[in-house]
Amino acid sequence: DQQVKQNSPSLSVQEGRISILNCDYTNSMFDYFLWYKKYPAEGPTFLISISSIKDKNEDGRFTVFLNKSAKHLSLHIVPSQPGDSAVYFCAASEDNAGNMLTFGGGTRLMVKP
Amino acid sequence: GAGVSQTPSNKVTEKGKYVELRCDPISGHTALYWYRQSLGQGPEFLIYFQGTGAADDSGLPNDRFFAVRPEGSVSTLKIQRTERGDSAVYLCASSENGATNEKLFFGSGTQLSVL
């Protein structure tokens with residue numbers, strides 16, 4: 001069973017608008033959450049993370065929100081740019097599990113000029 | 001090198017053959033990870049090395065899969081008697097010392113196709 005789920009396989013937004021990517025998890029032991037971005041033929045690159053003691057983390061145009069009670073997190077990108085077009089993976093890890101990440105299936109974001 | 005290097009970038013083999021996939025981590029990184037990404041899915045954990053030893057190999061799917069890191073730097077993932085279901089992108093990542101929540105740096109992966 002998938003412990004981390006991204007229910008939207010794709011998302012299309014207009015340049016300049018907000019992109020919202022969603023992620024749900026089932027394992028209550030997860031306490032650290034990350035978003036990775038992947039371009040074709042490249043490996044995933046780290047984007048932003050959040051610890052379970054926080055409910056929001058912001059880095060420039062990227063903000064991650066965590067709702068622990070709902071076991072839900074989201075990534076907001078504003079304003080969206082064509083260069084943001086990529087596959088975004090949500091990932092989670094448990095305390096004392098080193099860096100063994102559990103990934104979601106990914107959401108392909110397309111930002112139209 | 002500047003980043004994690006994986007070779008070959010593509011490998012085509014026949015069912016039943018043996019393959020080796022190589023990963024060269026970022027210089028000085030003691031922690032190394034292998035993940036596998038099947039089409040349309042996210043990466044799945046295979047194995048984690050701290051130095052020369054496999055600290056966690058719970059993700060290896062069966063005994064056809066084996067990985068080594070004899071000198072604590074380069075790692076090789078070995079797959080025996082390949083099956084069509086092994087076709088996937090095999091990703092390697094490294095981090096500085098394996099501390100919890102440390103950033104992972106991924107290579108571009110090896111696309112393995114088993115015919």
# chains A, B, ... in the order shown; residues from 1 in each chain; ligands from 1
$ residues_around --residues "Asp63 (chain B)" --least-positions-apart "4" --cutoff "12 Å" --atoms "only C-alpha atoms" --output "MDAnalysis selection string"
chainID B and resid 57:59 67 78:82
$ interface_residues --of "chain B" --to "chain A" --cutoff "7 Å" --atoms "only C-alpha atoms" --output "number ranges by chain"
B: 40-45, 98-102, 105-109
$ residues_around --residues "region 85-93 of chain B" --least-positions-apart "5" --cutoff "8 Å" --atoms "only C-alpha atoms" --output "PDB file with all heavy atoms, in the first residue's frame"
ATOM      1  N   GLY A  43      18.181  13.564 -12.419  1.00  0.00           N
ATOM      2  CA  GLY A  43      17.732  13.046 -11.138  1.00  0.00           C
ATOM      3  C   GLY A  43      16.895  14.068 -10.403  1.00  0.00           C
ATOM      4  O   GLY A  43      16.912  15.261 -10.732  1.00  0.00           O
TER       5      GLY A  43
ATOM      6  N   VAL B   4      26.666  13.652  -8.361  1.00  0.00           N
ATOM      7  CA  VAL B   4      26.616  12.196  -8.362  1.00  0.00           C
ATOM      8  C   VAL B   4      26.608  11.713  -9.813  1.00  0.00           C
ATOM      9  O   VAL B   4      25.793  12.180 -10.612  1.00  0.00           O
ATOM     10  CB  VAL B   4      25.360  11.693  -7.624  1.00  0.00           C
ATOM     11  CG1 VAL B   4      25.287  10.169  -7.678  1.00  0.00           C
ATOM     12  CG2 VAL B   4      25.362  12.181  -6.182  1.00  0.00           C
ATOM     13  N   GLN B   6      26.373   8.530 -12.531  1.00  0.00           N
ATOM     14  CA  GLN B   6      25.929   7.149 -12.702  1.00  0.00           C
ATOM     15  C   GLN B   6      26.233   6.682 -14.113  1.00  0.00           C
ATOM     16  O   GLN B   6      25.997   7.402 -15.080  1.00  0.00           O
ATOM     17  CB  GLN B   6      24.423   7.028 -12.453  1.00  0.00           C
ATOM     18  CG  GLN B   6      24.036   7.229 -11.001  1.00  0.00           C
ATOM     19  CD  GLN B   6      22.578   6.918 -10.757  1.00  0.00           C
ATOM     20  OE1 GLN B   6      21.776   7.795 -10.451  1.00  0.00           O
ATOM     21  NE2 GLN B   6      22.242   5.633 -10.882  1.00  0.00           N
ATOM     22  N   CYS B  23      27.726   3.763  -9.441  1.00  0.00           N
ATOM     23  CA  CYS B  23      27.422   5.083  -8.882  1.00  0.00           C
ATOM     24  C   CYS B  23      28.682   5.664  -8.262  1.00  0.00           C
ATOM     25  O   CYS B  23      29.353   5.028  -7.439  1.00  0.00           O
ATOM     26  CB  CYS B  23      26.334   4.975  -7.815  1.00  0.00           C
ATOM     27  SG  CYS B  23      26.050   6.531  -6.923  1.00  0.00           S
ATOM     28  N   PRO B  25      29.573   8.762  -6.003  1.00  0.00           N
ATOM     29  CA  PRO B  25      28.919   9.818  -5.219  1.00  0.00           C
ATOM     30  C   PRO B  25      29.745  11.105  -5.204  1.00  0.00           C
ATOM     31  O   PRO B  25      30.870  11.146  -5.689  1.00  0.00           O
ATOM     32  CB  PRO B  25      28.864   9.201  -3.822  1.00  0.00           C
ATOM     33  CG  PRO B  25      30.080   8.324  -3.766  1.00  0.00           C
ATOM     34  CD  PRO B  25      30.242   7.769  -5.157  1.00  0.00           C
ATOM     35  N   LEU B  32      25.391   6.740   0.989  1.00  0.00           N
ATOM     36  CA  LEU B  32      25.015   6.490  -0.410  1.00  0.00           C
ATOM     37  C   LEU B  32      23.758   5.642  -0.438  1.00  0.00           C
ATOM     38  O   LEU B  32      23.598   4.708   0.347  1.00  0.00           O
ATOM     39  CB  LEU B  32      26.163   5.777  -1.145  1.00  0.00           C
ATOM     40  CG  LEU B  32      25.998   5.512  -2.637  1.00  0.00           C
ATOM     41  CD1 LEU B  32      27.333   5.604  -3.351  1.00  0.00           C
ATOM     42  CD2 LEU B  32      25.338   4.191  -2.922  1.00  0.00           C
ATOM     43  N   TYR B  33      22.860   5.990  -1.358  1.00  0.00           N
ATOM     44  CA  TYR B  33      21.546   5.344  -1.418  1.00  0.00           C
ATOM     45  C   TYR B  33      21.284   4.890  -2.841  1.00  0.00           C
ATOM     46  O   TYR B  33      21.608   5.583  -3.797  1.00  0.00           O
ATOM     47  CB  TYR B  33      20.433   6.338  -1.023  1.00  0.00           C
ATOM     48  CG  TYR B  33      20.723   7.121   0.234  1.00  0.00           C
ATOM     49  CD1 TYR B  33      21.580   8.214   0.198  1.00  0.00           C
ATOM     50  CD2 TYR B  33      20.135   6.776   1.445  1.00  0.00           C
ATOM     51  CE1 TYR B  33      21.854   8.950   1.350  1.00  0.00           C
ATOM     52  CE2 TYR B  33      20.398   7.505   2.598  1.00  0.00           C
ATOM     53  CZ  TYR B  33      21.255   8.578   2.535  1.00  0.00           C
ATOM     54  OH  TYR B  33      21.524   9.294   3.682  1.00  0.00           O
ATOM     55  N   TRP B  34      20.572   3.781  -2.979  1.00  0.00           N
ATOM     56  CA  TRP B  34      20.039   3.346  -4.267  1.00  0.00           C
ATOM     57  C   TRP B  34      18.521   3.346  -4.190  1.00  0.00           C
ATOM     58  O   TRP B  34      17.931   2.856  -3.216  1.00  0.00           O
ATOM     59  CB  TRP B  34      20.517   1.936  -4.619  1.00  0.00           C
ATOM     60  CG  TRP B  34      21.938   1.840  -5.097  1.00  0.00           C
ATOM     61  CD1 TRP B  34      23.038   1.483  -4.371  1.00  0.00           C
ATOM     62  CD2 TRP B  34      22.417   2.068  -6.423  1.00  0.00           C
ATOM     63  NE1 TRP B  34      24.163   1.484  -5.157  1.00  0.00           N
ATOM     64  CE2 TRP B  34      23.806   1.831  -6.437  1.00  0.00           C
ATOM     65  CE3 TRP B  34      21.800   2.428  -7.632  1.00  0.00           C
ATOM     66  CZ2 TRP B  34      24.593   1.958  -7.580  1.00  0.00           C
ATOM     67  CZ3 TRP B  34      22.577   2.554  -8.771  1.00  0.00           C
ATOM     68  CH2 TRP B  34      23.963   2.322  -8.736  1.00  0.00           C
ATOM     69  N   TYR B  35      17.914   3.907  -5.228  1.00  0.00           N
ATOM     70  CA  TYR B  35      16.459   3.902  -5.386  1.00  0.00           C
ATOM     71  C   TYR B  35      16.138   3.368  -6.775  1.00  0.00           C
ATOM     72  O   TYR B  35      16.955   3.425  -7.674  1.00  0.00           O
ATOM     73  CB  TYR B  35      15.885   5.324  -5.267  1.00  0.00           C
ATOM     74  CG  TYR B  35      15.777   5.845  -3.848  1.00  0.00           C
ATOM     75  CD1 TYR B  35      16.898   6.344  -3.184  1.00  0.00           C
ATOM     76  CD2 TYR B  35      14.553   5.844  -3.174  1.00  0.00           C
ATOM     77  CE1 TYR B  35      16.797   6.815  -1.883  1.00  0.00           C
ATOM     78  CE2 TYR B  35      14.449   6.321  -1.876  1.00  0.00           C
ATOM     79  CZ  TYR B  35      15.577   6.806  -1.237  1.00  0.00           C
ATOM     80  OH  TYR B  35      15.479   7.272   0.048  1.00  0.00           O
ATOM     81  N   ARG B  36      14.922   2.891  -6.926  1.00  0.00           N
ATOM     82  CA  ARG B  36      14.460   2.415  -8.226  1.00  0.00           C
ATOM     83  C   ARG B  36      13.146   3.119  -8.557  1.00  0.00           C
ATOM     84  O   ARG B  36      12.242   3.176  -7.714  1.00  0.00           O
ATOM     85  CB  ARG B  36      14.246   0.900  -8.185  1.00  0.00           C
ATOM     86  CG  ARG B  36      13.653   0.322  -9.458  1.00  0.00           C
ATOM     87  CD  ARG B  36      13.711  -1.186  -9.455  1.00  0.00           C
ATOM     88  NE  ARG B  36      12.719  -1.813  -8.591  1.00  0.00           N
ATOM     89  CZ  ARG B  36      12.478  -3.113  -8.583  1.00  0.00           C
ATOM     90  NH1 ARG B  36      13.156  -3.918  -9.384  1.00  0.00           N
ATOM     91  NH2 ARG B  36      11.581  -3.615  -7.763  1.00  0.00           N
ATOM     92  N   GLN B  37      13.055   3.630  -9.777  1.00  0.00           N
ATOM     93  CA  GLN B  37      11.840   4.314 -10.200  1.00  0.00           C
ATOM     94  C   GLN B  37      11.251   3.616 -11.412  1.00  0.00           C
ATOM     95  O   GLN B  37      11.819   3.658 -12.509  1.00  0.00           O
ATOM     96  CB  GLN B  37      12.126   5.786 -10.531  1.00  0.00           C
ATOM     97  CG  GLN B  37      10.868   6.573 -10.858  1.00  0.00           C
ATOM     98  CD  GLN B  37      11.120   8.019 -11.169  1.00  0.00           C
ATOM     99  OE1 GLN B  37      12.271   8.461 -11.280  1.00  0.00           O
ATOM    100  NE2 GLN B  37      10.064   8.783 -11.300  1.00  0.00           N
ATOM    101  N   SER B  38      10.117   2.985 -11.206  1.00  0.00           N
ATOM    102  CA  SER B  38       9.399   2.353 -12.319  1.00  0.00           C
ATOM    103  C   SER B  38       8.544   3.398 -13.014  1.00  0.00           C
ATOM    104  O   SER B  38       8.236   4.447 -12.442  1.00  0.00           O
ATOM    105  CB  SER B  38       8.528   1.210 -11.796  1.00  0.00           C
ATOM    106  OG  SER B  38       9.324   0.228 -11.164  1.00  0.00           O
ATOM    107  N   LEU B  39       8.160   3.086 -14.239  1.00  0.00           N
ATOM    108  CA  LEU B  39       7.430   4.050 -15.062  1.00  0.00           C
ATOM    109  C   LEU B  39       6.153   4.521 -14.368  1.00  0.00           C
ATOM    110  O   LEU B  39       5.346   3.715 -13.908  1.00  0.00           O
ATOM    111  CB  LEU B  39       7.084   3.406 -16.409  1.00  0.00           C
ATOM    112  CG  LEU B  39       6.604   4.354 -17.504  1.00  0.00           C
ATOM    113  CD1 LEU B  39       7.682   5.360 -17.854  1.00  0.00           C
ATOM    114  CD2 LEU B  39       6.182   3.564 -18.742  1.00  0.00           C
ATOM    115  N   PRO B  43      10.279   7.227  -6.886  1.00  0.00           N
ATOM    116  CA  PRO B  43      11.418   6.376  -6.527  1.00  0.00           C
ATOM    117  C   PRO B  43      11.113   5.524  -5.292  1.00  0.00           C
ATOM    118  O   PRO B  43      10.454   5.983  -4.358  1.00  0.00           O
ATOM    119  CB  PRO B  43      12.530   7.398  -6.228  1.00  0.00           C
ATOM    120  CG  PRO B  43      12.132   8.639  -6.953  1.00  0.00           C
ATOM    121  CD  PRO B  43      10.638   8.661  -6.895  1.00  0.00           C
ATOM    122  N   LEU B 104      19.646  14.961   0.240  1.00  0.00           N
ATOM    123  CA  LEU B 104      20.148  13.949  -0.677  1.00  0.00           C
ATOM    124  C   LEU B 104      20.376  14.577  -2.038  1.00  0.00           C
ATOM    125  O   LEU B 104      19.561  15.367  -2.520  1.00  0.00           O
ATOM    126  CB  LEU B 104      19.144  12.808  -0.826  1.00  0.00           C
ATOM    127  CG  LEU B 104      19.296  11.601   0.087  1.00  0.00           C
ATOM    128  CD1 LEU B 104      19.118  11.994   1.533  1.00  0.00           C
ATOM    129  CD2 LEU B 104      18.330  10.509  -0.302  1.00  0.00           C
ATOM    130  N   PHE B 105      21.480  14.197  -2.671  1.00  0.00           N
ATOM    131  CA  PHE B 105      21.803  14.645  -4.024  1.00  0.00           C
ATOM    132  C   PHE B 105      21.728  13.419  -4.924  1.00  0.00           C
ATOM    133  O   PHE B 105      22.434  12.438  -4.704  1.00  0.00           O
ATOM    134  CB  PHE B 105      23.201  15.260  -4.068  1.00  0.00           C
ATOM    135  CG  PHE B 105      23.331  16.512  -3.257  1.00  0.00           C
ATOM    136  CD1 PHE B 105      23.629  16.450  -1.907  1.00  0.00           C
ATOM    137  CD2 PHE B 105      23.143  17.757  -3.835  1.00  0.00           C
ATOM    138  CE1 PHE B 105      23.740  17.600  -1.136  1.00  0.00           C
ATOM    139  CE2 PHE B 105      23.263  18.920  -3.078  1.00  0.00           C
ATOM    140  CZ  PHE B 105      23.557  18.833  -1.733  1.00  0.00           C
ATOM    141  N   PHE B 106      20.865  13.504  -5.943  1.00  0.00           N
ATOM    142  CA  PHE B 106      20.631  12.374  -6.825  1.00  0.00           C
ATOM    143  C   PHE B 106      21.447  12.491  -8.101  1.00  0.00           C
ATOM    144  O   PHE B 106      21.696  13.596  -8.619  1.00  0.00           O
ATOM    145  CB  PHE B 106      19.152  12.283  -7.214  1.00  0.00           C
ATOM    146  CG  PHE B 106      18.272  11.684  -6.148  1.00  0.00           C
ATOM    147  CD1 PHE B 106      17.728  12.479  -5.160  1.00  0.00           C
ATOM    148  CD2 PHE B 106      17.990  10.318  -6.145  1.00  0.00           C
ATOM    149  CE1 PHE B 106      16.907  11.925  -4.183  1.00  0.00           C
ATOM    150  CE2 PHE B 106      17.176   9.764  -5.175  1.00  0.00           C
ATOM    151  CZ  PHE B 106      16.638  10.573  -4.189  1.00  0.00           C
ATOM    152  N   GLY B 107      21.829  11.332  -8.634  1.00  0.00           N
ATOM    153  CA  GLY B 107      22.375  11.269  -9.982  1.00  0.00           C
ATOM    154  C   GLY B 107      21.244  11.231 -11.000  1.00  0.00           C
ATOM    155  O   GLY B 107      20.061  11.218 -10.635  1.00  0.00           O
ATOM    156  N   SER B 108      21.625  11.203 -12.280  1.00  0.00           N
ATOM    157  CA  SER B 108      20.621  11.212 -13.351  1.00  0.00           C
ATOM    158  C   SER B 108      20.007   9.843 -13.592  1.00  0.00           C
ATOM    159  O   SER B 108      19.035   9.733 -14.335  1.00  0.00           O
ATOM    160  CB  SER B 108      21.253  11.705 -14.656  1.00  0.00           C
ATOM    161  OG  SER B 108      21.731  13.016 -14.493  1.00  0.00           O
ATOM    162  N   GLY B 109      20.585   8.829 -12.982  1.00  0.00           N
ATOM    163  CA  GLY B 109      19.998   7.502 -13.083  1.00  0.00           C
ATOM    164  C   GLY B 109      20.519   6.673 -14.238  1.00  0.00           C
ATOM    165  O   GLY B 109      21.121   7.186 -15.190  1.00  0.00           O
ATOM    166  N   THR B 110      20.298   5.362 -14.130  1.00  0.00           N
ATOM    167  CA  THR B 110      20.551   4.428 -15.225  1.00  0.00           C
ATOM    168  C   THR B 110      19.222   3.844 -15.643  1.00  0.00           C
ATOM    169  O   THR B 110      18.512   3.256 -14.822  1.00  0.00           O
ATOM    170  CB  THR B 110      21.493   3.289 -14.796  1.00  0.00           C
ATOM    171  OG1 THR B 110      22.788   3.802 -14.526  1.00  0.00           O
ATOM    172  CG2 THR B 110      21.588   2.231 -15.906  1.00  0.00           C
ATOM    173  N   GLN B 111      18.862   4.041 -16.906  1.00  0.00           N
ATOM    174  CA  GLN B 111      17.637   3.442 -17.446  1.00  0.00           C
ATOM    175  C   GLN B 111      17.966   2.012 -17.851  1.00  0.00           C
ATOM    176  O   GLN B 111      18.721   1.790 -18.801  1.00  0.00           O
ATOM    177  CB  GLN B 111      17.147   4.243 -18.653  1.00  0.00           C
ATOM    178  CG  GLN B 111      16.002   3.581 -19.400  1.00  0.00           C
ATOM    179  CD  GLN B 111      14.684   3.652 -18.653  1.00  0.00           C
ATOM    180  OE1 GLN B 111      14.153   4.738 -18.428  1.00  0.00           O
ATOM    181  NE2 GLN B 111      14.156   2.500 -18.269  1.00  0.00           N
ATOM    182  N   LEU B 112      17.417   1.052 -17.126  1.00  0.00           N
ATOM    183  CA  LEU B 112      17.632  -0.364 -17.433  1.00  0.00           C
ATOM    184  C   LEU B 112      16.422  -0.902 -18.171  1.00  0.00           C
ATOM    185  O   LEU B 112      15.297  -0.768 -17.702  1.00  0.00           O
ATOM    186  CB  LEU B 112      17.860  -1.176 -16.152  1.00  0.00           C
ATOM    187  CG  LEU B 112      17.990  -2.682 -16.342  1.00  0.00           C
ATOM    188  CD1 LEU B 112      19.243  -3.016 -17.128  1.00  0.00           C
ATOM    189  CD2 LEU B 112      17.989  -3.414 -15.003  1.00  0.00           C
ATOM    190  N   SER B 113      16.681  -1.496 -19.320  1.00  0.00           N
ATOM    191  CA  SER B 113      15.613  -2.122 -20.099  1.00  0.00           C
ATOM    192  C   SER B 113      15.956  -3.591 -20.275  1.00  0.00           C
ATOM    193  O   SER B 113      17.012  -3.924 -20.834  1.00  0.00           O
ATOM    194  CB  SER B 113      15.491  -1.453 -21.476  1.00  0.00           C
ATOM    195  OG  SER B 113      15.206  -0.078 -21.340  1.00  0.00           O
ATOM    196  N   VAL B 114      15.082  -4.456 -19.798  1.00  0.00           N
ATOM    197  CA  VAL B 114      15.277  -5.903 -19.924  1.00  0.00           C
ATOM    198  C   VAL B 114      14.298  -6.417 -20.980  1.00  0.00           C
ATOM    199  O   VAL B 114      13.081  -6.324 -20.801  1.00  0.00           O
ATOM    200  CB  VAL B 114      15.046  -6.614 -18.581  1.00  0.00           C
ATOM    201  CG1 VAL B 114      15.300  -8.118 -18.728  1.00  0.00           C
ATOM    202  CG2 VAL B 114      15.936  -6.019 -17.497  1.00  0.00           C
TER     203      VAL B 114
END
$ residues_around --residues "Glu83 (chain B)" --least-positions-apart "4" --cutoff "9 Å" --atoms "only C-alpha atoms" --output "list of chain:residue names"
B:Glu14, B:Lys15, B:Gly16, B:Lys17, B:Ser87, B:Val114, B:Leu115
$ write_last_selection --atoms "all heavy atoms" --output "short mmCIF file (atom, residue, chain, number, x, y, z; two decimals), in the first residue's frame"
data_model
loop_
_atom_site.label_atom_id
_atom_site.label_comp_id
_atom_site.auth_asym_id
_atom_site.auth_seq_id
_atom_site.Cartn_x
_atom_site.Cartn_y
_atom_site.Cartn_z
N GLU B 14 19.20 -8.64 -22.06
CA GLU B 14 18.20 -9.68 -22.31
C GLU B 14 17.83 -10.36 -21.00
O GLU B 14 18.66 -10.48 -20.08
CB GLU B 14 18.76 -10.71 -23.28
CG GLU B 14 18.98 -10.17 -24.69
CD GLU B 14 19.55 -11.22 -25.62
OE1 GLU B 14 20.01 -12.28 -25.12
OE2 GLU B 14 19.55 -11.00 -26.83
N LYS B 15 16.63 -10.83 -20.95
CA LYS B 15 16.14 -11.58 -19.79
C LYS B 15 17.13 -12.69 -19.44
O LYS B 15 17.60 -13.41 -20.31
CB LYS B 15 14.77 -12.16 -20.12
CG LYS B 15 14.11 -12.95 -19.02
CD LYS B 15 12.69 -13.34 -19.46
CE LYS B 15 12.00 -14.20 -18.43
NZ LYS B 15 12.61 -15.53 -18.26
N GLY B 16 17.44 -12.77 -18.14
CA GLY B 16 18.34 -13.81 -17.68
C GLY B 16 19.79 -13.38 -17.55
O GLY B 16 20.60 -14.09 -16.93
N LYS B 17 20.14 -12.24 -18.12
CA LYS B 17 21.52 -11.78 -18.07
C LYS B 17 21.83 -11.09 -16.74
O LYS B 17 20.94 -10.72 -15.98
CB LYS B 17 21.79 -10.80 -19.21
CG LYS B 17 21.61 -11.39 -20.60
CD LYS B 17 22.74 -12.32 -20.96
CE LYS B 17 22.64 -12.71 -22.43
NZ LYS B 17 23.69 -13.66 -22.81
N SER B 87 12.98 -3.76 -15.32
CA SER B 87 13.12 -2.56 -16.14
C SER B 87 12.64 -1.35 -15.36
O SER B 87 11.50 -1.31 -14.88
CB SER B 87 12.32 -2.70 -17.44
OG SER B 87 12.82 -3.76 -18.22
N VAL B 114 15.08 -4.46 -19.80
CA VAL B 114 15.28 -5.90 -19.92
C VAL B 114 14.30 -6.42 -20.98
O VAL B 114 13.08 -6.32 -20.80
CB VAL B 114 15.05 -6.61 -18.58
CG1 VAL B 114 15.30 -8.12 -18.73
CG2 VAL B 114 15.94 -6.02 -17.50
N LEU B 115 14.86 -6.95 -22.07
CA LEU B 115 14.02 -7.38 -23.19
C LEU B 115 13.62 -8.86 -23.07
O LEU B 115 14.31 -9.64 -22.42
CB LEU B 115 14.76 -7.15 -24.51
CG LEU B 115 15.24 -5.71 -24.75
CD1 LEU B 115 15.96 -5.62 -26.08
CD2 LEU B 115 14.06 -4.75 -24.69
#
$ residues_around --residues "region 13-18 of chain A" --least-positions-apart "2" --cutoff "9 Å" --atoms "only C-alpha atoms" --output "list in words"
Leu11, Ile20, His76, Ile77, Val78, Pro79, Ser80, Gln81, Pro82, Leu109, Met110, Val111, Lys112 and Pro113 of chain A
$ decode --residues "region 38-74 of chain A" --atoms "C-alpha atoms" --output "short mmCIF file (atom, residue, chain, number, x, y, z; two decimals), in the first residue's frame"
data_model
loop_
_atom_site.label_atom_id
_atom_site.label_comp_id
_atom_site.auth_asym_id
_atom_site.auth_seq_id
_atom_site.Cartn_x
_atom_site.Cartn_y
_atom_site.Cartn_z
CA LYS A 38 12.57 16.33 -11.55
CA TYR A 39 13.29 17.36 -15.12
CA PRO A 40 13.42 14.71 -17.89
CA ALA A 41 16.67 12.70 -17.99
CA GLU A 42 17.83 14.24 -14.72
CA GLY A 43 17.73 13.05 -11.14
CA PRO A 44 15.35 14.57 -8.60
CA THR A 45 16.60 17.78 -7.00
CA PHE A 46 15.65 18.95 -3.53
CA LEU A 47 13.23 21.86 -3.48
CA ILE A 48 11.92 22.50 0.02
CA SER A 49 11.25 20.62 3.26
CA ILE A 50 9.24 20.90 6.45
CA SER A 51 9.52 19.34 9.88
CA SER A 52 6.42 18.03 11.62
CA ILE A 53 6.81 20.66 14.34
CA LYS A 54 5.96 23.36 11.81
CA ASP A 55 2.92 23.98 9.66
CA LYS A 56 4.50 26.22 7.06
CA ASN A 57 7.88 26.77 5.45
CA GLU A 58 8.60 29.37 2.82
CA ASP A 59 11.50 29.77 0.42
CA GLY A 60 11.07 32.46 -2.20
CA ARG A 61 8.25 31.50 -4.56
CA PHE A 62 7.82 28.12 -2.88
CA THR A 63 5.79 27.47 0.27
CA VAL A 64 5.02 24.11 1.82
CA PHE A 65 2.06 23.71 4.17
CA LEU A 66 1.63 20.78 6.54
CA ASN A 67 -1.65 19.71 8.13
CA LYS A 68 -0.72 16.89 10.51
CA SER A 69 -4.24 16.13 11.66
CA ALA A 70 -5.32 15.62 8.06
CA LYS A 71 -2.02 13.95 7.10
CA HIS A 72 -1.83 16.32 4.18
CA LEU A 73 0.78 18.63 2.75
CA SER A 74 0.80 20.97 -0.18
#
